[in-house]
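Before any comments, here is the structure.
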Amino acid sequence: MAYPFKANPHFKAWVPVLDNPNCYVIYTPGQKPRLIYFQPVDYWYKPAETPSGYWVDQFDIRIIAVPEDATKHFPTNGRIAFIGETEAQHPGDLNPAPLLNRLHFDRAWKTEYEIECMRRANRTGARGHRAAERAFRAGGSEYEIHLEYLRAANSTEEELPYANIIGMNENAAVLHYIQHERNKLDDSRRFSFLIDAGANVNGYASDITRTYSNRDDEFGQMIEAFDRGQQEICASVKPKVNYPELHMQGHRMVARILEQFQFMRDIDADGIVEKRISSTFFPHGVGHYIGLQVHDVGGFMADPKGNTIQKPDGHPYLRLTRTVEPSMVFTIEPGLYFIEPLLADLKKSENAKYVNWPKVDAFRKYGGIRIEDDVVVTANGSENLTRAAFAAER
Ligand code: GLY
Ligand code: MN
């Protein structure tokens, strides 16, 4: 079997064609871009449709029936750079780093068109999330919830921007849990549900996470407190804020909840962050750029030359270190989990004495909480694409 085809993000940046290999965009400054479009005569597989839609007038389109014919439409003079897979036919320099750095740096600022694609991807994702929550409340297995998500998002698995993360109970503590357990759990053994699932519109992703408790219980209260904390972080998003500072705000929020719900003793929220105990419970970054890739490129870039901005010490999984500017789009996704191996390390450490272990042990069965929204930076603040989408998909 061949791997599923995924369009190169640099190609998707030009053309909303996601399912057709052996295509090329040729751009020469000052000229209409040329699209080499692969349309074989084939009765084993369905050939790509003839290009149509709002974008076709923007291109000088050349149809090819066999991949080898692409070279007939390549430019033959001038300086040529080729961006694409190493095995593709190409003229000029292959993936030159100075060009890629320039493009990756600029991908941080999204156009109105790109933001609108992500607005729609959030609407589709929210529709899937609503259906998934209903399936959870109705007693469905992880697998059944996954199917309901796909149906409501009108999507195949391959069209999703990433594999659905759908975990009940302890599975919610596995950050990228993608197993989709087939067995239904009896209601008495259903405690919690975490779903991290997105959608794709014209090659642009949404990335959304919600967590639910099966009952009106203390875990449900924790989710509510956590949700308020997540929204406070979103409300802090505005131009000139340093993204790592939002990450640290996430740690302070997690620490406050650990203190408030008495998972700790003899230490306050500041101490929990200072001694890095919050990292046991929140072991990933607070978010990442999103766009043509779910984890979009350029998160560490200091400039278009490829210099980078270091991650803060002790936070190896943070994916974004740049300063926030208008038209950037990123996720805000703090988490608080009860992760077996990380708790085992904490138990062996100096900091074990601060932990209310019976309480922690009682909450392992819930797995954890993550709440994730996609946020666009505006001139003076932000637009939360995900909250708006959930409000519209009631
Ligand atoms: N949605 C998965 C992640 O951001 O890693
Ligand atoms: Mn994410």
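FYI, nothing fancy with the structure tokens labels: chains A, B, ... in order, residues from 1 per chain, ligands from 1 as they appear.
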Output as CSV one row per residue of chain A within 7 Å of ligand 1: the closest atom pair and its distance in Å to one decimal place, counting only C-alpha atoms and all ligand atoms, sorted by chain and residue number ascending.
residue,atom,partner,partner_atom_place_in_ligand_line,distance
A:Tyr162,CA,ligand 1,1 (N),6.9
A:His176,CA,ligand 1,2 (C),6.8
A:Asp196,CA,ligand 1,1 (N),5.8
A:Ala197,CA,ligand 1,1 (N),6.7
A:Asp207,CA,ligand 1,1 (N),5.4
A:Ile208,CA,ligand 1,1 (N),6.9
A:Val294,CA,ligand 1,4 (O),6.9
A:His295,CA,ligand 1,4 (O),6.6
Write the residues of the selection above to a file with C-alpha atoms, as a PDB file, in the first residue's frame.
ATOM      1  CA  TYR A 162      -4.190  15.001  12.551  1.00  0.00           C
ATOM      2  CA  HIS A 176      -1.388  11.779  21.758  1.00  0.00           C
ATOM      3  CA  ASP A 196      -8.513  16.662  20.680  1.00  0.00           C
ATOM      4  CA  ALA A 197      -9.784  16.772  17.103  1.00  0.00           C
ATOM      5  CA  ASP A 207      -6.933  22.076  16.391  1.00  0.00           C
ATOM      6  CA  ILE A 208      -9.445  21.864  19.239  1.00  0.00           C
ATOM      7  CA  VAL A 294      -1.254  21.819  12.496  1.00  0.00           C
ATOM      8  CA  HIS A 295       2.040  22.651  14.158  1.00  0.00           C
TER       9      HIS A 295
END
Please provide as a PyMOL selection string all residues within 12 Å of Asp69 of chain A, with the sequence filter that same-chain residues fewer than 2 positions apart are discarded (counting only C-alpha atoms). chain A and resi 22-24+36-40+62-67+71-74+89-90
What does the file look like for those residues with N, CA, C and O atoms, as a short mmCIF file (atom, residue, chain, number, x, y, z; two decimals), in the first residue's frame?
data_model
loop_
_atom_site.label_atom_id
_atom_site.label_comp_id
_atom_site.auth_asym_id
_atom_site.auth_seq_id
_atom_site.Cartn_x
_atom_site.Cartn_y
_atom_site.Cartn_z
N ASN A 22 1.99 14.98 -8.22
CA ASN A 22 2.64 15.32 -9.50
C ASN A 22 2.18 16.67 -10.06
O ASN A 22 2.15 16.86 -11.28
N CYS A 23 1.79 17.58 -9.19
CA CYS A 23 1.43 18.93 -9.62
C CYS A 23 2.54 19.91 -9.19
O CYS A 23 3.25 19.66 -8.22
N TYR A 24 2.65 21.02 -9.90
CA TYR A 24 3.67 22.02 -9.61
C TYR A 24 3.07 23.40 -9.77
O TYR A 24 2.25 23.62 -10.67
N ILE A 36 1.01 23.39 -13.12
CA ILE A 36 1.08 22.13 -13.87
C ILE A 36 0.20 21.14 -13.12
O ILE A 36 0.43 20.87 -11.94
N TYR A 37 -0.81 20.66 -13.80
CA TYR A 37 -1.88 19.90 -13.13
C TYR A 37 -1.95 18.50 -13.72
O TYR A 37 -2.13 18.32 -14.93
N PHE A 38 -1.82 17.51 -12.88
CA PHE A 38 -1.75 16.10 -13.30
C PHE A 38 -3.16 15.53 -13.45
O PHE A 38 -3.94 15.51 -12.50
N GLN A 39 -3.47 15.08 -14.66
CA GLN A 39 -4.79 14.50 -14.91
C GLN A 39 -4.61 13.30 -15.85
O GLN A 39 -4.73 13.43 -17.07
N PRO A 40 -4.29 12.13 -15.28
CA PRO A 40 -4.00 10.97 -16.13
C PRO A 40 -5.27 10.38 -16.72
O PRO A 40 -6.38 10.65 -16.25
N ARG A 62 -1.64 24.21 -17.00
CA ARG A 62 -1.16 23.26 -18.01
C ARG A 62 -1.48 21.85 -17.52
O ARG A 62 -0.98 21.45 -16.47
N ILE A 63 -2.28 21.15 -18.26
CA ILE A 63 -2.65 19.78 -17.87
C ILE A 63 -1.59 18.81 -18.40
O ILE A 63 -1.20 18.90 -19.57
N ILE A 64 -1.16 17.89 -17.55
CA ILE A 64 -0.27 16.82 -18.01
C ILE A 64 -0.93 15.47 -17.72
O ILE A 64 -1.61 15.31 -16.70
N ALA A 65 -0.72 14.50 -18.62
CA ALA A 65 -1.34 13.18 -18.45
C ALA A 65 -0.36 12.18 -17.85
O ALA A 65 -0.78 11.18 -17.26
N VAL A 66 0.94 12.45 -18.00
CA VAL A 66 1.95 11.59 -17.37
C VAL A 66 2.92 12.49 -16.60
O VAL A 66 3.24 13.60 -17.06
N PRO A 67 3.38 12.03 -15.43
CA PRO A 67 4.23 12.89 -14.59
C PRO A 67 5.46 13.42 -15.33
O PRO A 67 5.86 14.56 -15.12
N THR A 71 8.23 18.37 -16.96
CA THR A 71 9.47 19.11 -17.31
C THR A 71 9.27 20.00 -18.54
O THR A 71 9.94 21.00 -18.67
N LYS A 72 8.32 19.62 -19.41
CA LYS A 72 8.07 20.43 -20.62
C LYS A 72 7.61 21.84 -20.26
O LYS A 72 7.69 22.75 -21.09
N HIS A 73 7.07 22.01 -19.05
CA HIS A 73 6.53 23.32 -18.66
C HIS A 73 7.43 24.05 -17.66
O HIS A 73 7.07 25.11 -17.17
N PHE A 74 8.59 23.46 -17.36
CA PHE A 74 9.50 24.12 -16.41
C PHE A 74 10.17 25.30 -17.09
O PHE A 74 10.40 25.28 -18.30
N GLN A 89 10.94 15.44 -10.05
CA GLN A 89 11.72 16.02 -11.15
C GLN A 89 11.85 17.49 -10.85
O GLN A 89 10.87 18.13 -10.47
N HIS A 90 13.04 18.05 -11.05
CA HIS A 90 13.15 19.48 -10.76
C HIS A 90 14.33 20.12 -11.47
O HIS A 90 15.35 19.49 -11.70
#
Hey, which bits of chain A sit within 12 Å of ligand 2, and for each residue what's the closest pair of atoms and how far apart in Å (one decimal), counting only C-alpha atoms and all ligand atoms, rows by chain and increasing number, as JSON lines?
{"residue": "A:Pro161", "atom": "CA", "partner": "ligand 2", "partner_atom_place_in_ligand_line": "1 (Mn)", "distance": 10.8}
{"residue": "A:Tyr162", "atom": "CA", "partner": "ligand 2", "partner_atom_place_in_ligand_line": "1 (Mn)", "distance": 9.7}
{"residue": "A:Ala163", "atom": "CA", "partner": "ligand 2", "partner_atom_place_in_ligand_line": "1 (Mn)", "distance": 11.7}
{"residue": "A:Asn164", "atom": "CA", "partner": "ligand 2", "partner_atom_place_in_ligand_line": "1 (Mn)", "distance": 11.5}
{"residue": "A:Ile165", "atom": "CA", "partner": "ligand 2", "partner_atom_place_in_ligand_line": "1 (Mn)", "distance": 10.8}
{"residue": "A:Leu175", "atom": "CA", "partner": "ligand 2", "partner_atom_place_in_ligand_line": "1 (Mn)", "distance": 10.4}
{"residue": "A:His176", "atom": "CA", "partner": "ligand 2", "partner_atom_place_in_ligand_line": "1 (Mn)", "distance": 10.2}
{"residue": "A:Ile195", "atom": "CA", "partner": "ligand 2", "partner_atom_place_in_ligand_line": "1 (Mn)", "distance": 11.5}
{"residue": "A:Asp196", "atom": "CA", "partner": "ligand 2", "partner_atom_place_in_ligand_line": "1 (Mn)", "distance": 7.9}
{"residue": "A:Ala197", "atom": "CA", "partner": "ligand 2", "partner_atom_place_in_ligand_line": "1 (Mn)", "distance": 9.1}
{"residue": "A:Gly198", "atom": "CA", "partner": "ligand 2", "partner_atom_place_in_ligand_line": "1 (Mn)", "distance": 9.1}
{"residue": "A:Ala205", "atom": "CA", "partner": "ligand 2", "partner_atom_place_in_ligand_line": "1 (Mn)", "distance": 10.2}
{"residue": "A:Ser206", "atom": "CA", "partner": "ligand 2", "partner_atom_place_in_ligand_line": "1 (Mn)", "distance": 8.7}
{"residue": "A:Asp207", "atom": "CA", "partner": "ligand 2", "partner_atom_place_in_ligand_line": "1 (Mn)", "distance": 5.4}
{"residue": "A:Ile208", "atom": "CA", "partner": "ligand 2", "partner_atom_place_in_ligand_line": "1 (Mn)", "distance": 6.9}
{"residue": "A:Thr209", "atom": "CA", "partner": "ligand 2", "partner_atom_place_in_ligand_line": "1 (Mn)", "distance": 7.8}
{"residue": "A:Arg210", "atom": "CA", "partner": "ligand 2", "partner_atom_place_in_ligand_line": "1 (Mn)", "distance": 11.5}
{"residue": "A:His284", "atom": "CA", "partner": "ligand 2", "partner_atom_place_in_ligand_line": "1 (Mn)", "distance": 10.2}
{"residue": "A:Gly285", "atom": "CA", "partner": "ligand 2", "partner_atom_place_in_ligand_line": "1 (Mn)", "distance": 9.2}
{"residue": "A:Val286", "atom": "CA", "partner": "ligand 2", "partner_atom_place_in_ligand_line": "1 (Mn)", "distance": 8.5}
{"residue": "A:Gly287", "atom": "CA", "partner": "ligand 2", "partner_atom_place_in_ligand_line": "1 (Mn)", "distance": 6.0}
{"residue": "A:His288", "atom": "CA", "partner": "ligand 2", "partner_atom_place_in_ligand_line": "1 (Mn)", "distance": 6.6}
{"residue": "A:Tyr289", "atom": "CA", "partner": "ligand 2", "partner_atom_place_in_ligand_line": "1 (Mn)", "distance": 8.6}
{"residue": "A:Ile290", "atom": "CA", "partner": "ligand 2", "partner_atom_place_in_ligand_line": "1 (Mn)", "distance": 8.0}
{"residue": "A:Gly291", "atom": "CA", "partner": "ligand 2", "partner_atom_place_in_ligand_line": "1 (Mn)", "distance": 11.2}
{"residue": "A:Gln293", "atom": "CA", "partner": "ligand 2", "partner_atom_place_in_ligand_line": "1 (Mn)", "distance": 10.7}
{"residue": "A:Val294", "atom": "CA", "partner": "ligand 2", "partner_atom_place_in_ligand_line": "1 (Mn)", "distance": 7.0}
{"residue": "A:His295", "atom": "CA", "partner": "ligand 2", "partner_atom_place_in_ligand_line": "1 (Mn)", "distance": 7.0}
{"residue": "A:Asp296", "atom": "CA", "partner": "ligand 2", "partner_atom_place_in_ligand_line": "1 (Mn)", "distance": 10.1}
{"residue": "A:Leu318", "atom": "CA", "partner": "ligand 2", "partner_atom_place_in_ligand_line": "1 (Mn)", "distance": 11.3}
{"residue": "A:Arg319", "atom": "CA", "partner": "ligand 2", "partner_atom_place_in_ligand_line": "1 (Mn)", "distance": 10.2}
{"residue": "A:Leu320", "atom": "CA", "partner": "ligand 2", "partner_atom_place_in_ligand_line": "1 (Mn)", "distance": 11.7}
{"residue": "A:Val329", "atom": "CA", "partner": "ligand 2", "partner_atom_place_in_ligand_line": "1 (Mn)", "distance": 11.8}
{"residue": "A:Phe330", "atom": "CA", "partner": "ligand 2", "partner_atom_place_in_ligand_line": "1 (Mn)", "distance": 8.6}
{"residue": "A:Thr331", "atom": "CA", "partner": "ligand 2", "partner_atom_place_in_ligand_line": "1 (Mn)", "distance": 6.0}
{"residue": "A:Ile332", "atom": "CA", "partner": "ligand 2", "partner_atom_place_in_ligand_line": "1 (Mn)", "distance": 7.8}
{"residue": "A:Glu333", "atom": "CA", "partner": "ligand 2", "partner_atom_place_in_ligand_line": "1 (Mn)", "distance": 6.5}
{"residue": "A:Pro334", "atom": "CA", "partner": "ligand 2", "partner_atom_place_in_ligand_line": "1 (Mn)", "distance": 9.6}
{"residue": "A:Gly335", "atom": "CA", "partner": "ligand 2", "partner_atom_place_in_ligand_line": "1 (Mn)", "distance": 10.9}
{"residue": "A:Arg370", "atom": "CA", "partner": "ligand 2", "partner_atom_place_in_ligand_line": "1 (Mn)", "distance": 9.9}
{"residue": "A:Ile371", "atom": "CA", "partner": "ligand 2", "partner_atom_place_in_ligand_line": "1 (Mn)", "distance": 9.6}
{"residue": "A:Glu372", "atom": "CA", "partner": "ligand 2", "partner_atom_place_in_ligand_line": "1 (Mn)", "distance": 6.8}
{"residue": "A:Asp373", "atom": "CA", "partner": "ligand 2", "partner_atom_place_in_ligand_line": "1 (Mn)", "distance": 8.4}
{"residue": "A:Asp374", "atom": "CA", "partner": "ligand 2", "partner_atom_place_in_ligand_line": "1 (Mn)", "distance": 8.5}
{"residue": "A:Val375", "atom": "CA", "partner": "ligand 2", "partner_atom_place_in_ligand_line": "1 (Mn)", "distance": 11.4}
Restrict the selected residues to C-alpha atoms and save them as a compact mmCIF listing (two decimals), in the first residue's frame.
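Now in again-v3.txt:
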# COMPACT_ATOMS: atom_id res chain seq x y z
CA PRO A 161 -5.37 17.51 9.88
CA TYR A 162 -4.19 15.00 12.55
CA ALA A 163 -5.39 11.70 13.98
CA ASN A 164 -8.28 12.19 16.43
CA ILE A 165 -7.24 11.94 20.07
CA LEU A 175 -1.05 13.25 25.25
CA HIS A 176 -1.39 11.78 21.76
CA ILE A 195 -11.16 14.88 22.76
CA ASP A 196 -8.51 16.66 20.68
CA ALA A 197 -9.78 16.77 17.10
CA GLY A 198 -9.67 19.25 14.24
CA ALA A 205 -6.28 23.20 10.02
CA SER A 206 -8.22 23.69 13.19
CA ASP A 207 -6.93 22.08 16.39
CA ILE A 208 -9.45 21.86 19.24
CA THR A 209 -9.49 20.09 22.59
CA ARG A 210 -12.26 19.73 25.16
CA HIS A 284 3.90 20.20 27.14
CA GLY A 285 3.91 23.67 25.63
CA VAL A 286 0.91 25.99 25.93
CA GLY A 287 0.52 26.03 22.15
CA HIS A 288 1.92 26.44 18.66
CA TYR A 289 1.36 28.27 15.40
CA ILE A 290 -1.37 26.74 13.27
CA GLY A 291 -2.15 27.08 9.56
CA GLN A 293 0.35 22.57 9.14
CA VAL A 294 -1.25 21.82 12.50
CA HIS A 295 2.04 22.65 14.16
CA ASP A 296 2.89 25.39 11.71
CA LEU A 318 7.36 24.69 23.91
CA ARG A 319 6.99 25.15 20.13
CA LEU A 320 6.68 28.92 19.91
CA VAL A 329 -2.71 32.43 14.61
CA PHE A 330 -1.80 29.98 17.36
CA THR A 331 -3.35 27.61 19.83
CA ILE A 332 -3.77 28.14 23.57
CA GLU A 333 -3.88 24.66 25.09
CA PRO A 334 -2.83 24.30 28.71
CA GLY A 335 -3.18 20.85 30.26
CA ARG A 370 -6.74 19.84 28.20
CA ILE A 371 -8.68 22.74 26.69
CA GLU A 372 -7.49 24.13 23.40
CA ASP A 373 -8.66 27.06 21.27
CA ASP A 374 -7.29 28.60 18.07
CA VAL A 375 -6.69 32.31 18.48
To one decimal place, how far is atom CA of Ala344 of chain A from atom CA of Asp268 of chain A in Å?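 Atom CA of Asp268 of chain A lies 21.7 Å from atom CA of Ala344 of chain A.
Between Glu350 of chain A and the residues A:Lys32, A:Arg252, A:Arg276, A:Arg387, the shortest atom-to-atom distance, using only C-alpha atoms, involves A:Arg276.
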Rounded to one decimal place, report the atom CA of Ala391 of chain A-atom CA of Gly139 of chain A distance in Å.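 Between these atoms lies a distance of 24.5 Å.
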Please identify the strand (DSSP E) residues within segment 216-375 of chain A (assignment by DSSP from backbone atoms) and present them as a ChimeraX atom specification. /A:329-332,335-337,368-370,373-375
Do you know which residues are at most 6 Å from segment 102-116 of chain A counting only C-alpha atoms, after dropping those on the same chain fewer than 5 positions away, and could you put them as a PDB file with C-alpha atoms, in the first residue's frame?
ATOM      1  CA  VAL A 297       6.446  26.355  10.852  1.00  0.00           C
ATOM      2  CA  GLY A 298       8.570  29.256  12.037  1.00  0.00           C
ATOM      3  CA  PRO A 304      14.065  35.463   7.982  1.00  0.00           C
ATOM      4  CA  SER A 327      -2.426  38.275  12.053  1.00  0.00           C
ATOM      5  CA  MET A 328      -0.577  35.480  13.802  1.00  0.00           C
TER       6      MET A 328
END
Using only C-alpha atoms for the distances, tell me which of A:Tyr204, A:Phe82, A:Phe191, A:Tyr143 is nearest to Val17 of chain A.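 Closest candidate: A:Tyr204.
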Given only C-alpha atoms as the basis, pick out the residue of A:Ile257, A:Leu343, A:Ala199, A:Met301 nearest to Leu100 of chain A.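 Residue with the minimum atom-to-atom distance to Leu100 of chain A: A:Met301.
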Which residue is closest to Arg137 of chain A? Choose from A:Phe193, A:Gly84, A:Met118, A:Leu160 and count only C-alpha atoms.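 Closest to Arg137 of chain A, using only C-alpha atoms: A:Phe193.
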May I ask for the distance between atom CA of Trp14 of chain A and atom CA of Thr50 of chain A, given in Å to one decimal place? 17.3 Å
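Shortest atom-to-atom contact with Lys305 of chain A among A:Ile339, A:Leu99, A:Ile178, A:Leu185: A:Leu99, counting only C-alpha atoms.
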Run DSSP on the backbone and give me the residues of segment 194-375 of chain A it puts in helix (DSSP H, G or I), as number ranges by chain. A: 218-235, 243-260, 269-274, 278-281, 340-348, 350-354, 357-366
Tell me which protein, DNA and RNA residues are within 9 Å of Phe363 of chain A, counting only C-alpha atoms, leaving out same-chain ones fewer than 5 positions away, and put them as a PyMOL selection string. chain A and resi 219+338+358+368
